[in-house]
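Q: Here it is, the structure in full.
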Amino acid sequence: MADETLASNVALFNLMTPADGAAAITPHDTNALAYTSRALYVGGAGNLVVVMKNNDEVTFNSVPAGAVLSIRVKKVKSTGTTATNIISLY
């Protein structure tokens with residue numbers, strides 16, 4: 001039990017610290033991101049269609065330019081995504 005608690009606490013701590021990696025995203029309907037995001041930066045306004053870490057697909061409508069969405073995403077889909085200059089922070 002102690003090992004599970006320690007692992008859980010370490011995982012939580014890791015998610016609370018700032019991102020230590022970033023990568024530009026080219027939206028694609030089937031390709032997953034290299035790493036699950038901690039957040040997405042959206043440089044150009046528009047809609048963003050993502051597949052969350054738990055496999056839920058959701059559309060964020062009218063995301064403003066410069067927004068940082070604190071979401072755990074494993075895929076940014078091209079179909080329906082009109083936002084541009086998207087960066088994954090992980």
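Order determines the names: the first chain of the structure tokens is A, the second B, and so forth; residues in each chain are numbered 1 upward, and ligands are numbered 1 upward as they are shown.
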Using only C-alpha atoms, find each residue of region 16-58 of chain A with at least one atom at most 6 Å away from an atom of region 67-77 of chain A; report its shortest atom-to-atom pair and that distance in Å (one decimal), sort the rows by chain and rising residue number, and return the result as JSON lines.
A:
{"residue": "A:Pro27", "atom": "CA", "partner": "A:Val76", "partner_atom": "CA", "distance": 5.0}
{"residue": "A:His28", "atom": "CA", "partner": "A:Lys77", "partner_atom": "CA", "distance": 4.8}
{"residue": "A:Asp29", "atom": "CA", "partner": "A:Lys77", "partner_atom": "CA", "distance": 4.4}
{"residue": "A:Ala32", "atom": "CA", "partner": "A:Lys75", "partner_atom": "CA", "distance": 4.7}
{"residue": "A:Leu33", "atom": "CA", "partner": "A:Lys74", "partner_atom": "CA", "distance": 5.5}
{"residue": "A:Thr36", "atom": "CA", "partner": "A:Lys74", "partner_atom": "CA", "distance": 4.8}
{"residue": "A:Ser37", "atom": "CA", "partner": "A:Arg72", "partner_atom": "CA", "distance": 5.0}
{"residue": "A:Arg38", "atom": "CA", "partner": "A:Arg72", "partner_atom": "CA", "distance": 5.1}
{"residue": "A:Ala39", "atom": "CA", "partner": "A:Ser70", "partner_atom": "CA", "distance": 4.2}
{"residue": "A:Leu40", "atom": "CA", "partner": "A:Leu69", "partner_atom": "CA", "distance": 5.2}
{"residue": "A:Tyr41", "atom": "CA", "partner": "A:Val68", "partner_atom": "CA", "distance": 4.4}
{"residue": "A:Val42", "atom": "CA", "partner": "A:Ala67", "partner_atom": "CA", "distance": 5.4}
{"residue": "A:Val49", "atom": "CA", "partner": "A:Lys77", "partner_atom": "CA", "distance": 5.5}
{"residue": "A:Val50", "atom": "CA", "partner": "A:Val76", "partner_atom": "CA", "distance": 4.4}
{"residue": "A:Val51", "atom": "CA", "partner": "A:Lys75", "partner_atom": "CA", "distance": 5.0}
{"residue": "A:Met52", "atom": "CA", "partner": "A:Val73", "partner_atom": "CA", "distance": 4.3}
{"residue": "A:Lys53", "atom": "CA", "partner": "A:Val73", "partner_atom": "CA", "distance": 5.2}
Q: Per DSSP on the backbone, filter chain A down to the residues in strand (DSSP E) and report them as number ranges by chain.
A: A: 22-24, 39-44, 46-52, 57-63, 67-69, 73-76, 84-89
Q: Rank nothing, just name the residue among A:Ala65, A:Ser88, A:Thr79, A:Glu57 nearest to Gly44 (chain A), using only C-alpha atoms.
A: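 Ranking A:Ala65, A:Ser88, A:Thr79, A:Glu57 by distance to Gly44 (chain A), first place goes to A:Ala65.
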Q: Using only C-alpha atoms, can you tell me which of A:Gly43, A:Val63, A:Tyr90, A:Asp56 comes closest to Leu15 (chain A)?
A: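 Selected residue with least distance to Leu15 (chain A): A:Tyr90.
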Q: Need the shell around Asn61 (chain A): protein/DNA/RNA residues with any atom at most 7 Å away, counting only C-alpha atoms. Skip same-chain ones fewer than 6 positions apart. Format as a list in words?
A: Gly46, Asn47 and Leu48 of chain A
Q: Could those residues be written to a file, using N, CA, C and O atoms, as a compact mmCIF listing (two decimals), in the first residue's frame?
A:
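That gives us again37.txt:
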# COMPACT_ATOMS: atom_id res chain seq x y z
N GLY A 46 -9.84 29.84 -32.98
CA GLY A 46 -10.68 28.91 -33.75
C GLY A 46 -11.19 27.79 -32.87
O GLY A 46 -11.08 27.83 -31.65
N ASN A 47 -11.75 26.78 -33.53
CA ASN A 47 -12.26 25.61 -32.83
C ASN A 47 -11.14 24.58 -32.69
O ASN A 47 -10.26 24.48 -33.55
N LEU A 48 -11.20 23.79 -31.62
CA LEU A 48 -10.19 22.79 -31.35
C LEU A 48 -10.90 21.48 -31.02
O LEU A 48 -11.67 21.42 -30.06
